[in-house]
Amino acid sequence: CIVSLTWSLILSTASLCLASNQREKPLDLLHIGALFPMSGDWAGGIACWPAVEMALQSVNDHPDILPDYRLVLHPQDSQCDPGLGARKMYELLYHPSNNSRVVTLLTGCSTVSTYVAQAAHMWNLVVLSYGSSSPALSDRSRFPTFFRTHPSAALNNPTRLKLLQRYNWTRVFVLRSNEEVFASTAKDLEQLLRRNNCSVMTEIVFDAGQAVKQLKSKEARIIIGLFYDPLARQIFCQAYKQGLFGPRYQWLLIGWYSDDWYLKWPAAERVNCTPDEMSMAADLHLTTESMTWNELDQPTYSGITARQFQNRVLERLGKNRSDIGSILGFPESPFAYDAVWALALAMHSAEARLKSRGLRLLNFTHQQPDNPVFFELYRAMNATNFDGVSSRVFFDSLGNRIAWTQIEQLVNGRYRTIGRYQVQEDKLELQREPVWPGGVRPRSEPLIQPLFRPVNAVLYWIMSLLACLGLLACAGCAVFLWRYRRHRVVACSQPVLHAVMLAGCSLSLLAVIVYGFDRFSGGFVNLSPGSFRVLCHAKAWLLSLGFTGGYGSLFAKTWSVYRLATGRRGATQLEPYAFVAVLFLLDAAFLTAWQVNDPLSMKRELFRIERSDDDVEYEPYSNSCESKNGAVWLGVLLGWKGLLLLFGLLLAYETRNVKLKQVWDSRFAGMAVYNTVVLCVITAPVTLIISAQETAIFAFVSIAAWLCCVLSLGLLFLPKVAEVVKSQSSESKSNGGTSSGPDGAGGGTVSKEEEERYAQMLEENDKLRGQISNCEVRLRSLHKQLADWMDNCGASGGGDGGAGGRVRSESGGGGAVGRGAAGHRGGGGLGIEVAEATSGFYSCSDVVASSSRMLHSQQQQRNCPVASTDLLSTETYL
C-alpha cells in the first residue's frame with residue numbers, strides 16, 4: 001500500500017509538472033505594423049485604436065485562432081500625412097530599435113494608404129486598410145497587395161445611380177473638392193452616369209460662394225456633394241444665402257459626416273450663418289454610406305454582437321451614446337475591428353497550408369521575392385469570408401470590401417434610414433419614400449411641355465375674310481369682263497389675259513387661306529401626316545400657279561406693249577396667250593417632278609423654350625413642310641420667278657410713257673407690275689429673317705399676296721368700270737354724239753350697234769395684219785427670184801438702179817400698188833409699196849399680178865426669155 005501510494009504521488013507530481021511546463025511554453029510573436037491617424041485632416045484613429053486593441057485581445061484569447069502565436073501591434077501616428085506615413089513604414093521595417101519582423105500593415109487614411117500600398121509589395125507586405133475609401137486604390141497594377149475592410153467610395157456610385165433612375169433625375173451636377181479621393185470618386189461617377197444616359201457636369205470647389213453661384217447660374221437642381229464636412233458647412237451657408245435649397249433642389253451628400261455637422265463647427269471655420277439658417281439649407285438632403293454595422297442582433301464570428309461592440313468602444317473612450325455623432329472615427333471603428341480579425345483568420349488559414357509544406361509563418365522574410373509565406377497569406381486574404389460586426393466581410397478581385405449601401409435623409413434635424421442597396425445583386429430595398437421639399441419630388445430640370453405655336457387667330461380670321469372678299473372681287477371682275485366683253489374699253493385691253501389674271505389672283509387668295517390653315521389649326525385639329533402632306537403640296541401648287549397666272553398675264557401684256565412701242569414686228573394675237581400657257585406648263589412640270597421625286601412631308605420646328613413660374617417650361621413648336629432637297633427645289637423655283645420679276649420690271653420701265661390704242665390699259669399694267677415686284681422683293685428676305693415667328697411670316701406672306709391681287713385688280717378694272725359707267729351715263733342723256741376714243745379722247749356716246757361694229761373692225765384688222773405679214777414674206781421671196789432671173793438673162797444698165805422693192809405696213813390696214821421708175825443708165829426696176837390707205841385694200845394676188853405684168857413687159861423689151869409659167873403659178877398660189 002505504501003509503495004502504491006508512493007508511485008501514485010510520483011506520477012501525479014510528474015503530470016502536474018508536465019502540464020505546468022506546457023502552459024508556460026512561450027508563444028511565437030507575429031508583428032503587425034499599424035498607422036493610425038491620431039491627428040491631422042482626419043483623426044479617425046481616436047476611435048479606431050480602441051477597436052483594434054479589443055480585436056487583438058479577442059484574437060489572442062481565442063483558443064482556436066493561431067494557438068501557437070500571439071499578435072503584437074506596433075502603432076504609429078501618421079497624422080493622415082502621406083510623407084509621414086511612408087517614413088513611419090520605413091521605421092517599422094528598418095529602425096534599429098525595432099527588431100521585430102512586421103508581417104502585415106494596417107492603414108487608415110486614403111492618402112497614406114496610397115503611398116504605403118504602392119511600395120509595400122517590394123517587402124512582401126500585405127496592406128489592409130480600415131479607413132481608406134479612395135476608388136484609386138482599386139487599381140491592382142499600382143496596389144497589388146492592397147485590401148480594405150472599408151468599402152470604396154465608388155461603392156456609393158451605383159447606389160446614387162439607382163436613386164437617380166428611380167426618381168427620373170437625368171441631369172446631375174457634381175460638386176467636389178480637389179482631394180484625390182473625391183476626384184477619383186467623381187471620375188468613376190461621371191463614367192457610370194454617362195454609360196446610363198444621364199447628363200452630368202462637375203464643378204470643382206475653390207471658393208464656396210463662387211461654386212454655389214455657378215451652380216445657380218447653370219440651373220443645377222440635383223446636386224451630388226463630394227467633400228469633407230468643413231467644406232460642406234461653407235457650401236451650405238452659401239446655398240442658404242443664394243437660395244439653392246427648397247422645393248426645386250435635392251442635395252445628395254456623403255453619409256459619414258457626424259449627425260450634427262451642420263450645427264457645430266470650430267470658430268476657425270468662420271461660417272457666416274446661424275445654426276437655424278444651416279438647418280434650413282441642409283434639411284431633407286439625402287446621404288449614401290456603406291453600412292458599418294451588422295443589423296443582426298446575434299453574435300458574430302468574434303463572439304460579440306454589434307451592439308456589444310459599440311458599448312465596449314464607448315466605454316473605452318469614456319463616452320455615452322449621445323456623443324456618438326461627435327466622436328471622430330467612430331463610424332469606421334467596426335471596420336478596424338474586423339480588419340484585425342480578417343488578418344488573424346488569414347494568418348490562421350495560411351499557417352495550416354504552410355504546415356503541410358513543412359513551413360510556418362515565422363519563415364516570412366522581406367527580402368525573398370517569391371516568399372511562400374507571403375504567397376499563402378495573400379491567397380488566404382483573397383479567400384476571407386466571415387461575419388463581422390460591420391456585417392459580412394469578403395473581398396472582390398481588386399481587394400475591395402463588398403457591402404450594402406445605406407440611404408438616409410435628414411428630416412427635422414434627425415437622420416432616418418430610407419433604404420439600402422446591394423450592388424452585387426442590384427437590389428434596392430426601400431423602407432419608406434423620402435420626404436420631398438414642398439411635398440413634390442424635385443425634377444432634375446424643369447418639366448418641358450410641347451406647346452403648339454399657332455398663327456394668331458384674329459390675324460388668321462381677318463386675312464381669311466379679306467381673302468374671301470378678294471375672291472368675291474375676282475368673281476365680280478369676271479362677271480364684268482363677260483358682260484362688257486364687246487365694249488371698246490374691254491375689247492381693247494386683251495380680255496383673255498385679264499381672265500387669266502383673275503384666275504391667278506383667285507388661286508393666290510385661296511393660297512392665303514390654305515397657307516395659314518395648318519399653322520392655325522394644329523392646336524385643335526390633329527392632322528395626320530398624310531393630310532398634312534396634301535396641304536403642303538396644295539400650298540406649293542396654289543402659290544406657284546397663282547403667281548404665274550396673276551403676274552404672268554401682266555408680263556405678257558407688258559411684253560406685247562413693248563413690241564408695239566419699239567416699232568418691231570408686232571406680236572400676233574395668240575403670242576401673249578402662248579407665252580402664259582408656256583409658263584403654266586413649266587410650273588406644272590416642275591411641281592410634278594418635285595412632288596414625285598422629293599415629296600414634301602411634315603416637319604416639327606422647335607423654338608426657344610419659354611419659362612413659367614410653376615417650374616414648367618414650354619417648348620413652342622410649329623409644323624412646316626420639308627423635303628430632303630427642298631432648298632434646291634425652292635431655290636430653282638424662286639430663281640426663275642425672280643428673273644421673271646426682273647424682266648417684267650425692265651419692260652414696265654421701258655413702256656412707262658407708252659400710250660397705245662391697241663392696248664388701252666398698258667400704263668395700268670405697268671403700274672401693277674411695279675407693285676408686284678416691290679411686294680415680292682420685300683416679302684422674300686423678311687420671311688427668311690423672321691423664320692421663327694409663325695404669325696409674322698403668315699402676316700407678311702398673306703398681306704403681300706392679298707395686296708398684289710387687290711392692287712392689280714384695282715389698277716386694271718377700276719378704270720374700265722369708271723369708263724363704262726361714264727359712257728352709259730352719257731348714253732342715257734343723249735342717244736347721239738360722237739363717242740370717246742379708247743384712250744379717253746373726245747366726247748359723246750356711241751350706240752351698242754356701233755360698239756359691236758367697232759369690235760368686228762378690230763378683229764378684221766387683226767386678220768388683215770396677219771395676211772400682210774404673210775404677204776411680206778412671200779414678196780421678199782419673189783423679189784429675190786426676179787433679181788436672179790434678171791442676172792441670168794444679162795440685163796444691162798442695172799448696176800445702179802436694179803430691181804428693188806419696198807414694203808411698208810401699218811397697223812391700220814389697206815394698201816396701194818405703183819410702179820417704180822427705172823434706174824438710170826438704162827436700167828429698169830420694180831417698185832412695190834403696200835401703204836396705209838383710207839379706202840380699199842389690194843390683195844397680195846393683185847400685187848403679184850401687177851408685178852408679173854411689169855416684169856414681162858420689161859423682159860420683152862430686152863429680148864430676155866420670161867419664165868411666165870413660174871410667175872403665173874406663183875400668182876395662182878397667192
# chains A, B, ... in the order shown; residues from 1 in each chain; ligands from 1
>>> residues_around(residues="region 38-52 of chain A", least_positions_apart="5", cutoff="6 Å", atoms="only C-alpha atoms", output="JSON, numbers by chain")
{"A": [77, 79, 80, 328, 329, 330, 333, 336, 337]}
>>> write_last_selection(atoms="C-alpha atoms", output="CSV table (one decimal), in the first residue's frame")
chain,number,residue,atom,x,y,z
A,77,ASP,CA,0.7,58.1,-35.7
A,79,GLN,CA,-1.3,62.3,-38.8
A,80,CYS,CA,-3.0,61.5,-42.1
A,328,LEU,CA,-14.1,61.1,-34.8
A,329,GLY,CA,-13.6,57.7,-36.4
A,330,PHE,CA,-16.4,56.1,-34.6
A,333,SER,CA,-14.3,51.6,-35.7
A,336,ALA,CA,-10.9,48.5,-37.8
A,337,TYR,CA,-12.2,45.7,-35.5
>>> residues_around(residues="Gly85 (chain A)", least_positions_apart="6", cutoff="10 Å", atoms="only C-alpha atoms", output="list in words")
Leu35, Phe36, Pro37, Gln76, Asp77, Ser78, Gln79, Glu91, Thr107, Gly108, Cys109, Thr111, Val112, Ser113, Thr114, Tyr115 and Val116 of chain A
>>> residues_around(residues="Leu189 (chain A)", least_positions_apart="5", cutoff="10 Å", atoms="only C-alpha atoms", output="PyMOL selection string")
chain A and resi 154-158+160-161+174+183-184+194-195+200
>>> write_last_selection(atoms="N, CA and C atoms", output="PDB file, in the first residue's frame")
ATOM      1  N   ALA A 154     -16.387  54.578 -54.305  1.00  0.00           N
ATOM      2  CA  ALA A 154     -17.077  54.317 -55.560  1.00  0.00           C
ATOM      3  C   ALA A 154     -18.237  53.350 -55.382  1.00  0.00           C
ATOM      4  N   LEU A 155     -18.262  52.636 -54.244  1.00  0.00           N
ATOM      5  CA  LEU A 155     -19.378  51.730 -53.998  1.00  0.00           C
ATOM      6  C   LEU A 155     -20.683  52.500 -53.830  1.00  0.00           C
ATOM      7  N   ASN A 156     -20.613  53.778 -53.480  1.00  0.00           N
ATOM      8  CA  ASN A 156     -21.807  54.607 -53.363  1.00  0.00           C
ATOM      9  C   ASN A 156     -22.351  55.032 -54.722  1.00  0.00           C
ATOM     10  N   ASN A 157     -21.502  54.993 -55.753  1.00  0.00           N
ATOM     11  CA  ASN A 157     -21.940  55.472 -57.057  1.00  0.00           C
ATOM     12  C   ASN A 157     -23.068  54.634 -57.660  1.00  0.00           C
ATOM     13  N   PRO A 158     -23.007  53.286 -57.612  1.00  0.00           N
ATOM     14  CA  PRO A 158     -24.175  52.529 -58.105  1.00  0.00           C
ATOM     15  C   PRO A 158     -25.447  52.848 -57.332  1.00  0.00           C
ATOM     16  N   ARG A 160     -26.133  55.787 -55.916  1.00  0.00           N
ATOM     17  CA  ARG A 160     -26.578  57.089 -56.420  1.00  0.00           C
ATOM     18  C   ARG A 160     -27.276  56.933 -57.772  1.00  0.00           C
ATOM     19  N   LEU A 161     -26.702  56.118 -58.652  1.00  0.00           N
ATOM     20  CA  LEU A 161     -27.316  55.890 -59.954  1.00  0.00           C
ATOM     21  C   LEU A 161     -28.704  55.284 -59.801  1.00  0.00           C
ATOM     22  N   VAL A 174     -22.233  67.552 -60.129  1.00  0.00           N
ATOM     23  CA  VAL A 174     -21.345  67.024 -59.094  1.00  0.00           C
ATOM     24  C   VAL A 174     -20.471  68.168 -58.608  1.00  0.00           C
ATOM     25  N   ALA A 183     -11.775  63.277 -56.236  1.00  0.00           N
ATOM     26  CA  ALA A 183     -11.552  63.373 -57.678  1.00  0.00           C
ATOM     27  C   ALA A 183     -11.763  62.024 -58.354  1.00  0.00           C
ATOM     28  N   SER A 184     -11.229  60.959 -57.768  1.00  0.00           N
ATOM     29  CA  SER A 184     -11.389  59.627 -58.356  1.00  0.00           C
ATOM     30  C   SER A 184     -12.835  59.147 -58.244  1.00  0.00           C
ATOM     31  N   ARG A 194     -22.800  58.532 -67.479  1.00  0.00           N
ATOM     32  CA  ARG A 194     -22.859  58.704 -68.930  1.00  0.00           C
ATOM     33  C   ARG A 194     -23.155  57.388 -69.635  1.00  0.00           C
ATOM     34  N   ARG A 195     -22.658  56.293 -69.068  1.00  0.00           N
ATOM     35  CA  ARG A 195     -22.999  54.992 -69.657  1.00  0.00           C
ATOM     36  C   ARG A 195     -24.486  54.702 -69.547  1.00  0.00           C
ATOM     37  N   VAL A 200     -24.240  64.729 -66.852  1.00  0.00           N
ATOM     38  CA  VAL A 200     -23.545  65.066 -65.612  1.00  0.00           C
ATOM     39  C   VAL A 200     -22.526  66.163 -65.894  1.00  0.00           C
TER      40      VAL A 200
END
>>> atom_distance(atom1="CA of Glu723 (chain A)", atom2="CA of Leu502 (chain A)")
19.8 Å
>>> residues_around(residues="Cys474 (chain A)", least_positions_apart="3", cutoff="12 Å", atoms="only C-alpha atoms", output="JSON, numbers by chain")
{"A": [467, 468, 469, 470, 471, 477, 478, 479, 480, 481, 498, 499, 500, 501, 502, 503, 504, 505, 506, 507, 508, 509, 510, 550, 706, 709, 710, 711, 712, 713, 714, 716, 717]}
>>> residues_around(residues="Phe227 (chain A)", least_positions_apart="3", cutoff="8 Å", atoms="only C-alpha atoms", output="PyMOL selection string")
chain A and resi 176-177+182+231-232+254
>>> residues_around(residues="Ser134 (chain A)", least_positions_apart="4", cutoff="6 Å", atoms="only C-alpha atoms", output="number ranges by chain")
A: 110, 152-153, 181
>>> write_last_selection(atoms="N, CA, C and O atoms", output="PDB file, in the first residue's frame")
ATOM      1  N   SER A 110      -6.779  57.416 -46.786  1.00  0.00           N
ATOM      2  CA  SER A 110      -6.566  57.038 -48.186  1.00  0.00           C
ATOM      3  C   SER A 110      -5.255  57.574 -48.716  1.00  0.00           C
ATOM      4  O   SER A 110      -4.560  56.893 -49.481  1.00  0.00           O
ATOM      5  N   SER A 152     -15.046  50.977 -50.746  1.00  0.00           N
ATOM      6  CA  SER A 152     -14.606  52.068 -51.603  1.00  0.00           C
ATOM      7  C   SER A 152     -15.697  53.121 -51.725  1.00  0.00           C
ATOM      8  O   SER A 152     -16.895  52.817 -51.716  1.00  0.00           O
ATOM      9  N   ALA A 153     -15.248  54.369 -51.839  1.00  0.00           N
ATOM     10  CA  ALA A 153     -16.229  55.441 -52.035  1.00  0.00           C
ATOM     11  C   ALA A 153     -17.001  55.256 -53.329  1.00  0.00           C
ATOM     12  O   ALA A 153     -18.146  55.703 -53.452  1.00  0.00           O
ATOM     13  N   VAL A 181      -9.295  61.512 -53.260  1.00  0.00           N
ATOM     14  CA  VAL A 181     -10.368  60.557 -53.031  1.00  0.00           C
ATOM     15  C   VAL A 181     -11.661  61.025 -53.702  1.00  0.00           C
ATOM     16  O   VAL A 181     -12.410  60.218 -54.293  1.00  0.00           O
TER      17      VAL A 181
END
